[in-house]
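K.L.:
Structure file upload-v5.txt (compact mmCIF, C-alpha atoms) right here:
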```txt
# COMPACT_ATOMS: atom_id res chain seq x y z
CA MET O 1315 -15.40 -28.66 27.53
CA THR O 1316 -13.55 -25.38 27.55
CA VAL O 1317 -13.84 -23.35 24.37
CA THR O 1318 -10.41 -22.39 23.00
CA LEU O 1319 -9.45 -19.95 20.27
CA SER O 1320 -6.26 -21.10 18.58
CA LEU O 1321 -4.06 -19.01 16.31
CA GLU O 1322 -1.19 -20.16 14.11
CA PRO O 1323 1.40 -18.71 14.33
CA ALA O 1324 0.58 -18.24 18.03
CA GLY O 1325 1.20 -14.97 19.84
CA ARG O 1326 2.78 -12.93 17.06
CA SER O 1327 3.23 -12.77 13.31
CA CYS O 1328 4.17 -10.26 10.63
CA TRP O 1329 1.34 -8.11 9.29
CA ASP O 1330 1.60 -9.56 5.77
CA GLU O 1331 1.56 -13.20 6.97
CA PRO O 1332 -1.64 -15.20 6.82
CA LEU O 1333 -3.04 -16.23 10.19
CA SER O 1334 -4.85 -19.52 10.85
CA ILE O 1335 -7.83 -19.02 13.17
CA ALA O 1336 -9.73 -21.97 14.69
CA VAL O 1337 -12.11 -22.57 17.59
CA HIS O 1338 -12.34 -25.88 19.49
CA GLY O 1339 -14.63 -27.19 22.22
CA LEU O 1340 -17.93 -25.86 20.89
CA ALA O 1341 -21.15 -27.87 20.87
CA PRO O 1342 -21.88 -29.66 17.58
CA GLU O 1343 -23.34 -27.17 15.05
CA GLN O 1344 -23.18 -24.38 17.64
CA PRO O 1345 -23.82 -20.91 16.17
CA VAL O 1346 -21.13 -18.40 17.14
CA THR O 1347 -19.94 -14.91 16.23
CA LEU O 1348 -16.26 -14.07 15.86
CA ARG O 1349 -15.15 -10.49 16.44
CA ALA O 1350 -11.83 -8.78 15.77
CA ALA O 1351 -10.73 -5.32 16.91
CA LEU O 1352 -7.61 -3.20 16.92
CA ARG O 1353 -6.77 0.39 17.81
CA ASP O 1354 -4.40 2.43 15.70
CA GLU O 1355 -1.76 4.70 17.21
CA LYS O 1356 -4.21 7.60 17.43
CA GLY O 1357 -6.68 5.45 19.36
CA ALA O 1358 -9.12 4.95 16.47
CA LEU O 1359 -10.97 1.64 16.69
CA PHE O 1360 -11.26 -0.78 13.74
CA ARG O 1361 -13.63 -3.75 13.95
CA ALA O 1362 -15.03 -6.68 12.00
CA HIS O 1363 -17.32 -9.59 12.87
CA ALA O 1364 -18.68 -12.70 11.18
CA ARG O 1365 -21.25 -15.38 12.02
CA TYR O 1366 -20.27 -19.06 11.86
CA ARG O 1367 -21.56 -22.51 12.73
CA ALA O 1368 -19.36 -25.20 14.30
CA ASP O 1369 -19.03 -28.58 12.59
CA ALA O 1370 -20.43 -31.88 13.89
CA ARG O 1371 -17.43 -32.28 16.23
CA GLY O 1372 -17.76 -28.78 17.69
CA ASP O 1373 -14.76 -27.42 15.77
CA LEU O 1374 -14.54 -24.33 13.60
CA ASP O 1375 -11.68 -23.64 11.20
CA LEU O 1376 -11.92 -20.37 9.28
CA ALA O 1377 -9.96 -21.92 6.39
CA ARG O 1378 -12.80 -24.40 5.84
CA ALA O 1379 -15.98 -22.93 7.31
CA PRO O 1380 -17.89 -20.24 5.43
CA ALA O 1381 -18.89 -17.03 7.22
CA LEU O 1382 -22.70 -16.85 7.22
CA GLY O 1383 -22.78 -13.05 7.17
CA GLY O 1384 -21.51 -10.08 9.12
CA SER O 1385 -18.62 -7.99 7.78
CA PHE O 1386 -18.10 -10.59 5.01
CA SER O 1387 -19.42 -13.97 3.92
CA GLY O 1388 -17.99 -17.18 2.47
CA ILE O 1389 -14.67 -18.86 3.18
CA GLU O 1390 -12.35 -15.98 4.10
CA PRO O 1391 -9.60 -17.12 6.51
CA MET O 1392 -8.31 -13.50 6.83
CA GLY O 1393 -11.65 -11.70 6.56
CA LEU O 1394 -11.61 -10.61 10.19
CA LEU O 1395 -8.60 -8.43 9.35
CA TRP O 1396 -9.19 -7.14 5.83
CA ALA O 1397 -12.89 -6.46 6.44
CA MET O 1398 -12.22 -4.23 9.46
CA GLU O 1399 -13.96 -0.87 9.36
CA PRO O 1400 -13.10 2.26 11.32
CA GLU O 1401 -15.50 3.54 13.95
CA ARG O 1402 -14.61 7.05 12.73
CA PRO O 1403 -15.87 7.55 9.19
CA PHE O 1404 -13.22 8.06 6.47
CA TRP O 1405 -10.37 6.93 8.72
CA ARG O 1406 -7.53 5.03 7.04
CA LEU O 1407 -5.53 2.39 8.90
CA ILE O 1408 -1.87 3.44 8.73
CA LYS O 1409 1.07 2.13 10.77
CA ARG O 1410 3.33 5.00 11.79
CA ASP O 1411 5.69 3.39 14.32
CA VAL O 1412 6.91 0.13 12.77
CA GLN O 1413 8.85 -0.76 15.92
CA THR O 1414 5.59 -1.57 17.73
CA PRO O 1415 2.92 -4.06 16.58
CA PHE O 1416 -0.77 -3.63 16.02
CA VAL O 1417 -2.51 -5.63 18.74
CA VAL O 1418 -5.54 -7.55 17.45
CA GLU O 1419 -8.15 -8.76 19.93
CA LEU O 1420 -10.21 -11.75 18.80
CA GLU O 1421 -13.37 -12.93 20.56
CA VAL O 1422 -15.77 -15.86 20.20
CA LEU O 1423 -19.36 -15.12 21.25
CA ASP O 1424 -22.26 -17.54 21.65
CA GLY O 1425 -25.00 -17.13 19.04
CA HIS O 1426 -25.35 -14.91 16.01
CA GLU O 1427 -25.83 -11.51 17.68
CA PRO O 1428 -22.56 -9.60 17.29
CA GLU O 1429 -23.22 -7.50 20.41
CA GLY O 1430 -25.38 -9.76 22.57
CA GLY O 1431 -23.75 -13.17 22.92
CA ARG O 1432 -21.92 -14.60 25.93
CA LEU O 1433 -18.12 -14.45 25.60
CA LEU O 1434 -16.80 -17.99 25.11
CA ALA O 1435 -13.12 -17.38 24.36
CA ARG O 1436 -10.70 -14.60 23.48
CA ALA O 1437 -7.14 -14.22 22.28
CA VAL O 1438 -4.73 -11.35 21.72
CA HIS O 1439 -2.35 -11.43 18.79
CA GLU O 1440 0.50 -9.08 17.87
CA ARG O 1441 0.92 -8.21 14.19
CA HIS O 1442 4.45 -6.89 13.67
CA PHE O 1443 5.98 -4.80 10.88
CA MET O 1444 9.60 -5.78 11.35
CA ALA O 1445 10.51 -9.45 11.03
CA PRO O 1446 12.96 -10.63 13.72
CA GLY O 1447 16.42 -9.22 13.04
CA VAL O 1448 15.40 -6.59 10.46
CA ARG O 1449 17.53 -3.50 11.02
CA ARG O 1450 16.10 0.05 11.01
CA VAL O 1451 18.58 2.81 10.13
CA PRO O 1452 17.47 6.48 10.13
CA VAL O 1453 19.06 8.37 7.19
CA ARG O 1454 20.07 12.07 7.28
CA GLU O 1455 22.61 12.33 4.50
CA GLY O 1456 22.98 15.66 2.68
CA ARG O 1457 19.37 16.67 1.99
CA VAL O 1458 18.05 13.10 2.13
CA ARG O 1459 15.55 12.30 4.91
CA ALA O 1460 14.66 8.62 4.98
CA THR O 1461 14.77 5.34 6.88
CA LEU O 1462 16.68 2.35 5.54
CA PHE O 1463 15.54 -1.16 6.43
CA LEU O 1464 18.04 -3.99 6.07
CA PRO O 1465 17.46 -7.76 6.28
CA PRO O 1466 18.92 -9.56 9.32
CA GLU O 1467 21.92 -11.25 7.70
CA PRO O 1468 24.89 -9.30 6.25
CA GLY O 1469 24.42 -8.01 2.68
CA PRO O 1470 24.73 -6.90 0.02
CA PHE O 1471 21.03 -6.95 -0.93
CA PRO O 1472 18.98 -5.64 -3.86
CA GLY O 1473 18.11 -2.01 -3.06
CA ILE O 1474 14.69 -0.36 -3.40
CA VAL O 1475 13.48 3.23 -2.88
CA ASP O 1476 9.92 3.27 -1.47
CA LEU O 1477 7.66 6.29 -2.09
CA PHE O 1478 4.16 7.07 -0.79
CA GLY O 1479 1.70 9.66 -1.99
CA VAL O 1480 0.06 12.95 -1.05
CA GLY O 1481 0.15 13.57 2.68
CA GLY O 1482 3.90 13.70 2.99
CA GLY O 1483 5.76 12.61 6.08
CA LEU O 1484 7.68 9.38 6.30
CA LEU O 1485 5.75 6.11 6.10
CA GLU O 1486 7.86 3.03 6.84
CA TYR O 1487 5.44 0.09 7.07
CA ARG O 1488 5.81 -1.16 3.49
CA ALA O 1489 9.61 -0.79 3.51
CA SER O 1490 9.95 -2.58 6.85
CA LEU O 1491 7.83 -5.52 5.67
CA LEU O 1492 9.74 -5.80 2.37
CA ALA O 1493 13.10 -5.82 4.17
CA GLY O 1494 11.96 -9.11 5.72
CA LYS O 1495 11.90 -10.55 2.17
CA GLY O 1496 15.59 -9.97 1.46
CA PHE O 1497 15.65 -6.39 0.14
CA ALA O 1498 17.40 -3.25 1.41
CA VAL O 1499 14.46 -0.82 1.31
CA MET O 1500 14.68 2.91 1.87
CA ALA O 1501 11.43 4.64 2.82
CA LEU O 1502 11.97 8.15 1.43
CA ALA O 1503 10.28 11.33 2.69
CA TYR O 1504 9.98 14.16 0.17
CA TYR O 1505 7.84 16.84 1.80
CA ASN O 1506 6.12 17.75 5.07
CA TYR O 1507 8.75 16.00 7.15
CA ASP O 1508 11.61 17.25 9.33
CA ASP O 1509 13.37 20.11 7.47
CA LEU O 1510 11.98 19.22 4.03
CA PRO O 1511 9.60 21.67 2.25
CA LYS O 1512 6.18 21.91 3.92
CA GLY O 1513 4.24 21.92 0.64
CA MET O 1514 4.45 20.00 -2.62
CA GLU O 1515 4.00 22.76 -5.21
CA THR O 1516 7.54 22.11 -6.51
CA MET O 1517 9.24 18.73 -6.92
CA ARG O 1518 12.98 18.88 -7.61
CA ILE O 1519 14.13 15.60 -9.08
CA GLU O 1520 17.70 16.37 -7.91
CA TYR O 1521 16.54 15.53 -4.36
CA PHE O 1522 15.47 12.06 -5.51
CA GLU O 1523 18.73 11.71 -7.45
CA GLU O 1524 20.62 12.29 -4.20
CA ALA O 1525 18.58 9.54 -2.55
CA VAL O 1526 19.24 7.10 -5.41
CA ASN O 1527 22.97 7.82 -5.28
CA TYR O 1528 23.01 7.35 -1.50
CA LEU O 1529 21.36 3.93 -1.83
CA LEU O 1530 23.58 2.85 -4.75
CA SER O 1531 26.74 3.72 -2.81
CA HIS O 1532 25.62 1.97 0.40
CA PRO O 1533 27.93 -0.96 1.30
CA GLU O 1534 24.96 -3.29 1.95
CA VAL O 1535 23.27 -2.56 -1.40
CA LYS O 1536 24.31 -4.53 -4.46
CA GLY O 1537 24.38 -2.80 -7.81
CA PRO O 1538 24.60 -2.03 -10.55
CA GLY O 1539 21.04 -0.66 -10.33
CA ILE O 1540 18.27 -0.30 -7.78
CA GLY O 1541 14.50 -0.69 -7.73
CA LEU O 1542 11.70 1.81 -7.16
CA LEU O 1543 8.32 1.20 -5.54
CA GLY O 1544 5.78 4.01 -5.65
CA ILE O 1545 2.06 4.35 -5.07
CA SER O 1546 -0.18 7.25 -6.18
CA LYS O 1547 1.90 10.49 -6.14
CA GLY O 1548 4.87 8.25 -5.29
CA GLY O 1549 4.21 6.31 -8.50
CA GLU O 1550 4.13 9.53 -10.51
CA LEU O 1551 7.45 10.59 -8.92
CA GLY O 1552 8.87 7.11 -9.56
CA LEU O 1553 8.07 7.49 -13.27
CA ALA O 1554 9.83 10.86 -13.31
CA MET O 1555 12.86 9.41 -11.54
CA ALA O 1556 13.03 6.50 -14.00
CA SER O 1557 12.73 9.00 -16.90
CA PHE O 1558 15.42 11.47 -15.78
CA LEU O 1559 17.84 9.48 -13.61
CA LYS O 1560 20.33 6.70 -14.22
CA GLY O 1561 20.76 3.63 -12.03
CA ILE O 1562 17.09 2.61 -11.75
CA LYS O 1563 16.84 -0.91 -13.09
CA ALA O 1564 13.27 -1.91 -12.15
CA ALA O 1565 10.23 0.08 -11.03
CA VAL O 1566 6.85 -0.95 -9.65
CA VAL O 1567 4.20 1.76 -10.03
CA ILE O 1568 0.93 1.22 -8.13
CA ASN O 1569 -1.91 3.41 -9.44
CA GLY O 1570 0.46 6.16 -10.59
CA SER O 1571 -0.10 9.06 -12.99
CA VAL O 1572 1.89 9.59 -16.19
CA ALA O 1573 1.22 13.34 -15.90
CA ALA O 1574 2.53 15.78 -13.32
CA VAL O 1575 -0.37 16.45 -10.91
CA GLY O 1576 -0.58 19.25 -8.36
CA SER O 1577 3.10 20.15 -8.54
CA THR O 1578 5.66 21.33 -11.08
CA MET O 1579 8.58 18.95 -11.62
CA HIS O 1580 12.04 20.38 -12.20
CA TYR O 1581 15.21 18.62 -13.26
CA LYS O 1582 18.22 20.73 -14.17
CA ASP O 1583 16.87 23.11 -16.83
CA GLU O 1584 13.72 21.10 -17.63
CA THR O 1585 10.25 21.73 -16.26
CA ILE O 1586 7.07 19.63 -16.34
CA PRO O 1587 4.00 21.69 -15.39
CA PRO O 1588 0.99 20.02 -13.71
CA VAL O 1589 -2.10 19.17 -15.75
CA THR O 1590 -5.10 21.45 -15.37
CA ILE O 1591 -7.66 20.52 -12.72
CA LEU O 1592 -11.16 20.67 -14.25
CA ARG O 1593 -13.30 21.50 -11.22
CA ASN O 1594 -16.52 21.41 -13.28
CA ARG O 1595 -15.96 17.67 -13.81
CA VAL O 1596 -16.02 16.80 -10.09
CA ARG O 1597 -19.20 14.84 -9.32
CA MET O 1598 -21.05 14.17 -6.09
CA THR O 1599 -21.77 10.52 -5.24
CA LYS O 1600 -25.05 9.40 -3.69
CA ASP O 1601 -23.17 9.17 -0.36
CA GLY O 1602 -22.28 12.86 -0.52
CA LEU O 1603 -18.63 12.27 -1.41
CA LEU O 1604 -16.74 13.93 -4.23
CA ASP O 1605 -15.76 11.77 -7.20
CA VAL O 1606 -12.71 13.36 -8.83
CA VAL O 1607 -11.87 10.61 -11.35
CA ASP O 1608 -12.65 12.87 -14.34
CA ALA O 1609 -11.20 16.05 -12.82
CA LEU O 1610 -7.75 16.00 -14.44
CA GLN O 1611 -7.11 17.16 -17.99
CA SER O 1612 -5.68 14.39 -20.16
CA PRO O 1613 -1.90 14.51 -20.71
CA LEU O 1614 -2.74 13.73 -24.37
CA VAL O 1615 -4.32 17.20 -24.45
CA GLU O 1616 -1.66 18.90 -22.31
CA GLU O 1617 1.39 17.09 -23.61
CA LYS O 1618 3.86 19.29 -21.75
CA SER O 1619 2.58 17.65 -18.52
CA PHE O 1620 3.35 14.12 -19.84
CA ILE O 1621 6.33 12.63 -17.96
CA PRO O 1622 8.94 11.66 -20.64
CA VAL O 1623 8.91 7.92 -19.89
CA GLU O 1624 10.33 7.21 -23.36
CA ARG O 1625 13.76 8.27 -22.05
CA SER O 1626 13.76 5.52 -19.45
CA ASP O 1627 15.66 2.25 -19.70
CA THR O 1628 13.93 0.93 -16.59
CA THR O 1629 11.89 -2.30 -16.62
CA PHE O 1630 8.37 -1.51 -15.36
CA LEU O 1631 5.61 -3.38 -13.55
CA LEU O 1632 2.39 -1.34 -13.45
CA LEU O 1633 -0.25 -2.43 -10.91
CA VAL O 1634 -3.72 -1.00 -11.55
CA GLY O 1635 -6.93 -0.92 -9.52
CA GLN O 1636 -9.64 -0.84 -12.16
CA ASP O 1637 -12.06 0.87 -9.77
CA ASP O 1638 -9.55 3.58 -8.79
CA HIS O 1639 -11.51 6.84 -8.45
CA ASN O 1640 -8.55 9.01 -7.45
CA TRP O 1641 -7.52 9.28 -11.10
CA LYS O 1642 -7.50 7.19 -14.29
CA SER O 1643 -4.78 4.69 -13.37
CA GLU O 1644 -5.64 2.17 -16.08
CA PHE O 1645 -5.63 4.85 -18.79
CA TYR O 1646 -2.26 6.13 -17.51
CA ALA O 1647 -0.75 2.62 -17.48
CA ASN O 1648 -1.84 2.04 -21.07
CA GLU O 1649 -0.43 5.43 -22.17
CA ILE O 1650 2.89 4.62 -20.47
CA SER O 1651 2.98 1.33 -22.38
CA LYS O 1652 2.14 2.98 -25.73
CA ARG O 1653 4.74 5.72 -25.28
CA LEU O 1654 7.50 3.26 -24.30
CA GLN O 1655 6.76 0.92 -27.21
CA ALA O 1656 6.48 3.80 -29.71
CA HIS O 1657 10.08 4.68 -28.79
CA GLY O 1658 11.38 1.10 -29.09
CA LYS O 1659 11.52 0.54 -25.33
CA GLU O 1660 10.58 -2.60 -23.42
CA LYS O 1661 6.84 -3.12 -23.03
CA PRO O 1662 5.88 -2.82 -19.34
CA GLN O 1663 4.06 -5.59 -17.55
CA ILE O 1664 0.57 -4.35 -16.57
CA ILE O 1665 -1.56 -6.22 -14.04
CA CYS O 1666 -5.15 -4.99 -13.67
CA TYR O 1667 -7.29 -5.80 -10.64
CA PRO O 1668 -11.07 -5.61 -11.18
CA GLU O 1669 -12.95 -3.82 -8.38
CA ALA O 1670 -9.73 -2.77 -6.62
CA GLY O 1671 -9.51 0.86 -5.52
CA HIS O 1672 -6.69 3.39 -5.22
CA TYR O 1673 -4.73 2.37 -2.13
CA ILE O 1674 -3.39 -1.09 -2.97
CA GLU O 1675 -1.49 -1.76 0.25
CA PRO O 1676 0.40 -4.75 1.66
CA PRO O 1677 -1.94 -7.69 2.40
CA TYR O 1678 -4.72 -7.51 4.99
CA PHE O 1679 -4.91 -3.74 5.32
CA PRO O 1680 -8.62 -2.84 5.24
CA LEU O 1681 -9.87 -1.05 2.13
CA CYS O 1682 -9.79 2.74 2.43
CA LYS O 1683 -12.81 3.39 0.24
CA ALA O 1684 -13.16 7.11 0.94
CA GLY O 1685 -11.28 9.78 2.82
CA MET O 1686 -9.67 13.20 2.88
CA HIS O 1687 -7.71 14.19 -0.21
CA LEU O 1688 -5.30 17.01 0.63
CA LEU O 1689 -5.15 18.38 -2.93
CA VAL O 1690 -8.95 18.46 -3.15
CA GLY O 1691 -9.48 19.60 0.45
CA ALA O 1692 -12.48 17.31 0.92
CA ASN O 1693 -13.47 13.67 1.39
CA ILE O 1694 -13.41 11.83 -1.93
CA THR O 1695 -14.20 8.28 -3.00
CA PHE O 1696 -11.08 6.19 -3.69
CA GLY O 1697 -13.06 3.25 -5.11
CA GLY O 1698 -12.80 -0.47 -4.58
CA GLU O 1699 -14.90 -3.30 -3.13
CA PRO O 1700 -13.59 -4.94 0.07
CA LYS O 1701 -13.17 -8.57 -1.03
CA PRO O 1702 -11.68 -8.08 -4.54
CA HIS O 1703 -9.51 -5.29 -3.15
CA ALA O 1704 -8.22 -7.63 -0.43
CA MET O 1705 -7.45 -10.30 -3.05
CA ALA O 1706 -5.65 -7.70 -5.18
CA GLN O 1707 -3.44 -6.69 -2.24
CA VAL O 1708 -2.33 -10.29 -1.61
CA ASP O 1709 -1.56 -10.85 -5.29
CA ALA O 1710 0.16 -7.48 -5.84
CA TRP O 1711 2.45 -8.11 -2.85
CA GLN O 1712 3.62 -11.42 -4.38
CA GLN O 1713 3.91 -9.95 -7.86
CA LEU O 1714 6.13 -7.05 -6.84
CA GLN O 1715 8.45 -9.29 -4.79
CA THR O 1716 8.80 -11.75 -7.70
CA PHE O 1717 9.46 -8.84 -10.07
CA PHE O 1718 12.16 -7.28 -7.88
CA HIS O 1719 13.87 -10.62 -7.19
CA LYS O 1720 13.92 -11.31 -10.93
CA HIS O 1721 15.27 -7.93 -12.03
CA LEU O 1722 17.45 -6.98 -9.04
CA GLY O 1723 18.29 -10.30 -7.41
CA SER O 1724 20.29 -12.14 -10.06
CA GLU O 1725 23.16 -9.64 -10.23
CA SER O 1726 26.21 -10.56 -8.22
```
Using structure tokens, write down the structure that the file contains.
P.N.:
Amino acid sequence: MTVTLSLEPAGRSCWDEPLSIAVHGLAPEQPVTLRAALRDEKGALFRAHARYRADARGDLDLARAPALGGSFSGIEPMGLLWAMEPERPFWRLIKRDVQTPFVVELEVLDGHEPEGGRLLARAVHERHFMAPGVRRVPVREGRVRATLFLPPEPGPFPGIVDLFGVGGGLLEYRASLLAGKGFAVMALAYYNYDDLPKGMETMRIEYFEEAVNYLLSHPEVKGPGIGLLGISKGGELGLAMASFLKGIKAAVVINGSVAAVGSTMHYKDETIPPVTILRNRVRMTKDGLLDVVDALQSPLVEEKSFIPVERSDTTFLLLVGQDDHNWKSEFYANEISKRLQAHGKEKPQIICYPEAGHYIEPPYFPLCKAGMHLLVGANITFGGEPKPHAMAQVDAWQQLQTFFHKHLGSES
């Protein structure tokens, strides 16, 4: 019999969709190794492998058969994707051009040696970032530099501003995926892109206000308010936007800080200075990485750095990786909650993920456990364990969609 590797959906799927992987035509109980590989746009290779045993009929279904070791173990239908590791150390998988897919190569090898077995079957699968019909619209309006993603059918749709963290530029992969779920999502650049400022020492909230007003006035965006989605520095900026600006109805903050960090925030005649960085509290891990989790002064000590969330009328969902080593995300989420409630505001929903690290991405992105931090100027540990982090990403993706549909979707 010919060995076949079958994928469902066949040929192509969206990056955040689960993929069914099965092998047919093996000998009964045959030991095999499955390998997955992809190259990012800079040519960096990511790989995972797992050892399996076929059933009595010579079939292997990753939804039912446990991996017997390799990059992961146990029943993990998507393990070959989320457990991928970069060949280059400290390299994070990021999609920069959402108009092209990541191409995943899958192989079935005879035996349990990941490098040595005879190739029995292979398949190539495209993982796309724009669902069929999603529209990509570059935005250069006033000072605003962004890309708007619109669902296929005519609107209006609930609108969301999407913000990433330190590193700058314009990342579109989360916005493009979310647009396939019925939202008008604007990926917003705020520094180190096009003609925007090169550095992030100063953050002027008026720029973000211009972006919010652009989205609110767009004919395919339904009001009266919009949503915000921010991770890391983008979460911190999202909190500031929700505190100072009108028109933000719902905000999802993923591992954000309640203090200004690394940059001074300005809005009109108000200023929020950054918290002090305590370099003597940076530790070295046994792997020779820096651990900066204790390196920021508490905003309870430096209250002038505390973002005034009590002014906000936004409904919040705070998503927290409990093993985040970039900063104290869980502490910040709890302080946000206390401050809001102390001022008679709505209590935010907080969802904590044990053993999840800093970069909680859309589903199936591999964990970025360590890497370069531009503010620190060195490789730091971001925390997280691969399997619980992968589970957190799947859950967080569902939670934020449900939240936005609930708070933005019911308005006519």
K.L.:
Would you kindly return, as an NGL selection string, each protein, DNA or RNA residue with an atom no farther than 9 Å from any atom of stretch 1609-1619 of chain O, considering all atoms listed in the file and excluding same-chain residues fewer than 5 positions away?
P.N.:
:O and (1572-1575 or 1578 or 1585-1597 or 1641-1642 or 1646 or 1649)
K.L.:
Using all atoms listed in the file, which protein or nucleic acid residues come within 9 Å of stretch 1541-1554 of chain O? Drop anything in the same chain fewer than 4 positions from it, and give the result as a VMD selection string.
P.N.:
chain O and resid 1472 to 1480 1517 1519 1522 1558 to 1559 1561 to 1575 1579 1621 to 1623 1626 1640 1643 1672 to 1675 1714 1718 1721 to 1722
K.L.:
Might you pull out every residue within 7 Å of O:Leu1352, with all atoms listed in the file counted and same-chain residues fewer than 2 positions away left off, and present them as a list in words?
P.N.:
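Final neighbour list, sorted by chain and number: Asp1354, Leu1359, Phe1360, Arg1361, Phe1416, Val1417, Val1418 and Glu1419 of chain O.
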K.L.:
Compile the contact shell of O:Asp1411 as a list of chain:residue names: residues with an atom at most 8 Å away, counting only C-alpha atoms, same-chain residues fewer than 3 positions apart removed.
P.N.:
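Returned residues: O:Thr1414, O:Glu1486, O:Tyr1487.
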K.L.:
Using atom CA of O:Leu1485 and atom CA of O:Glu1524 as the two end points, give the distance in Å to one decimal.
P.N.:
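The value is 19.1 Å.
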